[in-house]
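See structure below.
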Amino acid sequence: MKLTKVLAITALGVTIVSCNNTNQVKTKTSLDTYLDTVSYALGLNTGVRMSTDEAAKELDLDLYIQGYSEARDSSNVTLIDRKDAEQIIGSYFQKLRMDQMKKREEEMKKKAAEQYKDYKKENEQFLVDNKTKEGVKTTASGLQYIVIKEGSGESPKTSDRVKVDYHGTVIDGTKFDSTMEPKKDPIVFGVTQVIKGWTEGLQLMKPGAKYKFFIPQELAYGYQQRSAVIKPFSTLIFDVELLEIVSNQPAQTGQTHTKGDGHGH
């Protein structure tokens with residue numbers, strides 16, 4: 001819920017009660033004027049909204065009414081400073097949004113783990129077997145790679161942009177993107193503008209190097225499905241040639257996976 005909406009509902013919420021000096025609620029049994037009807041309708045409408053909102057259900061109604069009552073007299077605010085109220089509300093709903101996002105993410109992850117459990121197991125086993133093969137090196141994060149050809153010079157930093165050629169497949173050899181087959185122009189992007197496996201792997205290379213990356217799902221897209229080929233929990237395999245470091249050069253446009261299914265965001 002946006003803060004502006006929350007504040008609007010809170011403003012309307014003051015109409016759900018009429019408070020006397022002792023903060024006791026007066027209950028009326030009739031609507032004698034048009035303003036009475038509007039007041040009651042606003043309160044009823046706000047009450048309905050608040051009764052269906054999870055955040056509003058958690059509110060302490062007594063303190064809610066107390067805050068409204070004290071705000072009518074600027075000299076009678078007892079518990080917090082008036083100027084801090086909006087920041088407190090904003091922080092609360094920001095935390096609530098983050099908690100809700102985390103909950104949805106966990107639910108989606110759990111659903112994907114059940115639906116793709118066999119595929120996940122197959123990809124995990126691939127990495128276990130691959131790790132023992134000749135020439136395969138494994139970093140602390142779990143990234144596996146083979147040095148096909150070493151380059152020279154300095155490795156790229158996280159602040160750099162790089163120009164590369166690459167060919168990407170999943171573990172059964174199905175291609176999802178490539179600048180090599182068929183040949184396309186090399187692609188330019190920022191070292192940190194890609195999945196974690198690429199960011200780490202590029203910093204191992206030097207210009208002119210050719211590596212093969214085996215990127216576990218934890219360093220790729222995890223439980224997310226990125227395409228018909230890149231399913232949840234996919235290990236991604238890349239042949240990568242680091243052509244050059246091109247710091248401060250704008251990224252090329254029109255490339256399929258600059259922000260997409262391969263090495264991208």
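Quick note on naming: the chains in the structure tokens go A, B, ... in the order shown, residues restart at 1 in each chain, and ligands are numbered from 1 in order of appearance.
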
Near-region 204-209 of chain A list (7 Å; only C-alpha atoms; drop same-chain fewer than 5 positions) as a PyMOL selection string: chain A and resi 149-155+241-245

Going by DSSP on the backbone, which residues of region 110-221 of chain A come out as strand (DSSP E)? List them as a count of residues only. 31

Fewer than 6 positions away in the same chain doesn't count, so skip those; otherwise give me all residues within 7 Å of Met180 (chain A), counting only C-alpha atoms, as a PyMOL selection string. chain A and resi 165-167

Helix (DSSP H, G or I) residues, from DSSP on the backbone, in region 20-239 of chain A, as a PyMOL selection string: chain A and resi 34-52+54-57+61-71+82-115+117-131+196-202+217-219

Lys117 (chain A): which residues within 12 Å, counting only C-alpha atoms, same-chain residues fewer than 4 positions away excluded, as a VMD selection string? chain A and resid 109 to 113 121 to 124 223 231 to 234

Grab the residues selected above and save them as a PDB file, in the first residue's frame with N, CA, C and O atoms.
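The result, written out as again02.pdb:
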ATOM      1  N   LYS A 109       9.480 -19.849  -4.532  1.00  0.00           N
ATOM      2  CA  LYS A 109      10.641 -20.736  -4.504  1.00  0.00           C
ATOM      3  C   LYS A 109      10.232 -22.150  -4.106  1.00  0.00           C
ATOM      4  O   LYS A 109      10.694 -23.142  -4.698  1.00  0.00           O
ATOM      5  N   LYS A 110       9.368 -22.245  -3.115  1.00  0.00           N
ATOM      6  CA  LYS A 110       8.888 -23.552  -2.657  1.00  0.00           C
ATOM      7  C   LYS A 110       8.105 -24.266  -3.755  1.00  0.00           C
ATOM      8  O   LYS A 110       8.274 -25.472  -3.987  1.00  0.00           O
ATOM      9  N   LYS A 111       7.267 -23.518  -4.463  1.00  0.00           N
ATOM     10  CA  LYS A 111       6.478 -24.081  -5.554  1.00  0.00           C
ATOM     11  C   LYS A 111       7.381 -24.570  -6.684  1.00  0.00           C
ATOM     12  O   LYS A 111       7.185 -25.667  -7.235  1.00  0.00           O
ATOM     13  N   ALA A 112       8.390 -23.764  -7.039  1.00  0.00           N
ATOM     14  CA  ALA A 112       9.315 -24.144  -8.108  1.00  0.00           C
ATOM     15  C   ALA A 112      10.133 -25.364  -7.707  1.00  0.00           C
ATOM     16  O   ALA A 112      10.386 -26.252  -8.530  1.00  0.00           O
ATOM     17  N   ALA A 113      10.543 -25.416  -6.438  1.00  0.00           N
ATOM     18  CA  ALA A 113      11.350 -26.547  -5.968  1.00  0.00           C
ATOM     19  C   ALA A 113      10.577 -27.852  -6.065  1.00  0.00           C
ATOM     20  O   ALA A 113      11.155 -28.909  -6.365  1.00  0.00           O
ATOM     21  N   LYS A 121      17.677 -31.658  -9.202  1.00  0.00           N
ATOM     22  CA  LYS A 121      18.579 -32.737  -8.799  1.00  0.00           C
ATOM     23  C   LYS A 121      19.538 -33.093  -9.933  1.00  0.00           C
ATOM     24  O   LYS A 121      20.734 -33.336  -9.708  1.00  0.00           O
ATOM     25  N   GLU A 122      19.026 -33.111 -11.148  1.00  0.00           N
ATOM     26  CA  GLU A 122      19.856 -33.424 -12.319  1.00  0.00           C
ATOM     27  C   GLU A 122      20.961 -32.390 -12.495  1.00  0.00           C
ATOM     28  O   GLU A 122      22.122 -32.736 -12.786  1.00  0.00           O
ATOM     29  N   ASN A 123      20.637 -31.119 -12.308  1.00  0.00           N
ATOM     30  CA  ASN A 123      21.631 -30.056 -12.455  1.00  0.00           C
ATOM     31  C   ASN A 123      22.659 -30.093 -11.326  1.00  0.00           C
ATOM     32  O   ASN A 123      23.844 -29.841 -11.553  1.00  0.00           O
ATOM     33  N   GLU A 124      22.223 -30.407 -10.123  1.00  0.00           N
ATOM     34  CA  GLU A 124      23.151 -30.519  -8.999  1.00  0.00           C
ATOM     35  C   GLU A 124      24.131 -31.667  -9.217  1.00  0.00           C
ATOM     36  O   GLU A 124      25.333 -31.539  -8.941  1.00  0.00           O
ATOM     37  N   TYR A 223      15.520 -19.972  -8.676  1.00  0.00           N
ATOM     38  CA  TYR A 223      14.217 -20.606  -8.910  1.00  0.00           C
ATOM     39  C   TYR A 223      13.427 -19.941 -10.037  1.00  0.00           C
ATOM     40  O   TYR A 223      12.351 -20.411 -10.416  1.00  0.00           O
ATOM     41  N   LYS A 231      15.160 -23.043 -17.407  1.00  0.00           N
ATOM     42  CA  LYS A 231      14.135 -23.374 -16.426  1.00  0.00           C
ATOM     43  C   LYS A 231      14.644 -23.034 -15.020  1.00  0.00           C
ATOM     44  O   LYS A 231      15.828 -22.760 -14.830  1.00  0.00           O
ATOM     45  N   PRO A 232      13.762 -23.059 -14.023  1.00  0.00           N
ATOM     46  CA  PRO A 232      14.229 -22.858 -12.649  1.00  0.00           C
ATOM     47  C   PRO A 232      15.331 -23.849 -12.278  1.00  0.00           C
ATOM     48  O   PRO A 232      15.272 -25.016 -12.660  1.00  0.00           O
ATOM     49  N   PHE A 233      16.330 -23.360 -11.564  1.00  0.00           N
ATOM     50  CA  PHE A 233      17.452 -24.149 -11.043  1.00  0.00           C
ATOM     51  C   PHE A 233      18.405 -24.632 -12.138  1.00  0.00           C
ATOM     52  O   PHE A 233      19.140 -25.600 -11.949  1.00  0.00           O
ATOM     53  N   SER A 234      18.422 -23.922 -13.264  1.00  0.00           N
ATOM     54  CA  SER A 234      19.307 -24.303 -14.364  1.00  0.00           C
ATOM     55  C   SER A 234      20.758 -23.938 -14.087  1.00  0.00           C
ATOM     56  O   SER A 234      21.073 -22.817 -13.646  1.00  0.00           O
TER      57      SER A 234
END

Find the distance between CA of Glu218 (chain A) and CA of Pro182 (chain A) and write it in Å to one decimal.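 Result for CA of Glu218 (chain A) versus CA of Pro182 (chain A): 29.0 Å, one decimal.
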
CA of Asp60 (chain A) to CA of Ser75 (chain A): how many Å, to one decimal? 22.7 Å

Hey, what's within 12 Å of region 78-81 of chain A if we count only C-alpha atoms and toss same-chain stuff fewer than 2 positions away? As an mmCIF file with N, CA and C atoms, in the first residue's frame, please?
data_model
loop_
_atom_site.group_PDB
_atom_site.id
_atom_site.type_symbol
_atom_site.label_atom_id
_atom_site.label_comp_id
_atom_site.auth_asym_id
_atom_site.auth_seq_id
_atom_site.Cartn_x
_atom_site.Cartn_y
_atom_site.Cartn_z
ATOM 1 N N LEU A 63 -5.052 3.481 20.468
ATOM 2 C CA LEU A 63 -3.983 4.441 20.206
ATOM 3 C C LEU A 63 -4.246 5.232 18.926
ATOM 4 N N TYR A 64 -4.878 4.588 17.966
ATOM 5 C CA TYR A 64 -5.259 5.273 16.734
ATOM 6 C C TYR A 64 -6.183 6.441 17.056
ATOM 7 N N GLN A 66 -6.601 7.803 20.021
ATOM 8 C CA GLN A 66 -5.893 8.744 20.882
ATOM 9 C C GLN A 66 -5.041 9.703 20.068
ATOM 10 N N GLY A 67 -4.332 9.170 19.076
ATOM 11 C CA GLY A 67 -3.499 10.019 18.235
ATOM 12 C C GLY A 67 -4.314 11.070 17.507
ATOM 13 N N TYR A 68 -5.473 10.655 16.975
ATOM 14 C CA TYR A 68 -6.340 11.613 16.296
ATOM 15 C C TYR A 68 -6.834 12.679 17.263
ATOM 16 N N SER A 69 -7.270 12.243 18.424
ATOM 17 C CA SER A 69 -7.827 13.165 19.405
ATOM 18 C C SER A 69 -6.789 14.186 19.846
ATOM 19 N N GLU A 70 -5.570 13.729 20.121
ATOM 20 C CA GLU A 70 -4.523 14.634 20.579
ATOM 21 C C GLU A 70 -4.059 15.566 19.475
ATOM 22 N N ALA A 71 -4.119 15.119 18.233
ATOM 23 C CA ALA A 71 -3.669 15.955 17.108
ATOM 24 C C ALA A 71 -4.571 17.168 16.918
ATOM 25 N N ASP A 73 -5.520 19.054 19.170
ATOM 26 C CA ASP A 73 -4.975 20.083 20.059
ATOM 27 C C ASP A 73 -3.455 19.977 19.989
ATOM 28 N N SER A 74 -2.820 20.870 19.263
ATOM 29 C CA SER A 74 -1.392 20.770 19.002
ATOM 30 C C SER A 74 -0.543 20.809 20.273
ATOM 31 N N SER A 75 -1.099 21.228 21.356
ATOM 32 C CA SER A 75 -0.342 21.307 22.598
ATOM 33 C C SER A 75 -0.514 20.058 23.450
ATOM 34 N N ASN A 76 -1.231 19.058 22.903
ATOM 35 C CA ASN A 76 -1.596 17.900 23.724
ATOM 36 C C ASN A 76 -1.152 16.579 23.119
ATOM 37 N N LYS A 83 6.045 15.833 14.175
ATOM 38 C CA LYS A 83 6.805 15.861 12.912
ATOM 39 C C LYS A 83 7.405 14.502 12.556
ATOM 40 N N ASP A 84 7.443 13.580 13.529
ATOM 41 C CA ASP A 84 7.995 12.258 13.266
ATOM 42 C C ASP A 84 6.959 11.260 12.754
ATOM 43 N N ALA A 85 5.688 11.652 12.789
ATOM 44 C CA ALA A 85 4.613 10.699 12.501
ATOM 45 C C ALA A 85 4.695 10.132 11.082
ATOM 46 N N GLU A 86 4.893 10.992 10.095
ATOM 47 C CA GLU A 86 4.895 10.513 8.705
ATOM 48 C C GLU A 86 6.074 9.581 8.449
ATOM 49 N N GLN A 87 7.244 9.888 9.024
ATOM 50 C CA GLN A 87 8.414 9.027 8.848
ATOM 51 C C GLN A 87 8.176 7.658 9.490
ATOM 52 N N ILE A 88 7.546 7.639 10.655
ATOM 53 C CA ILE A 88 7.252 6.380 11.337
ATOM 54 C C ILE A 88 6.310 5.531 10.498
#

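Between CA of Gly135 (chain A) and CA of Ile148 (chain A) lies a distance of 9.1 Å.
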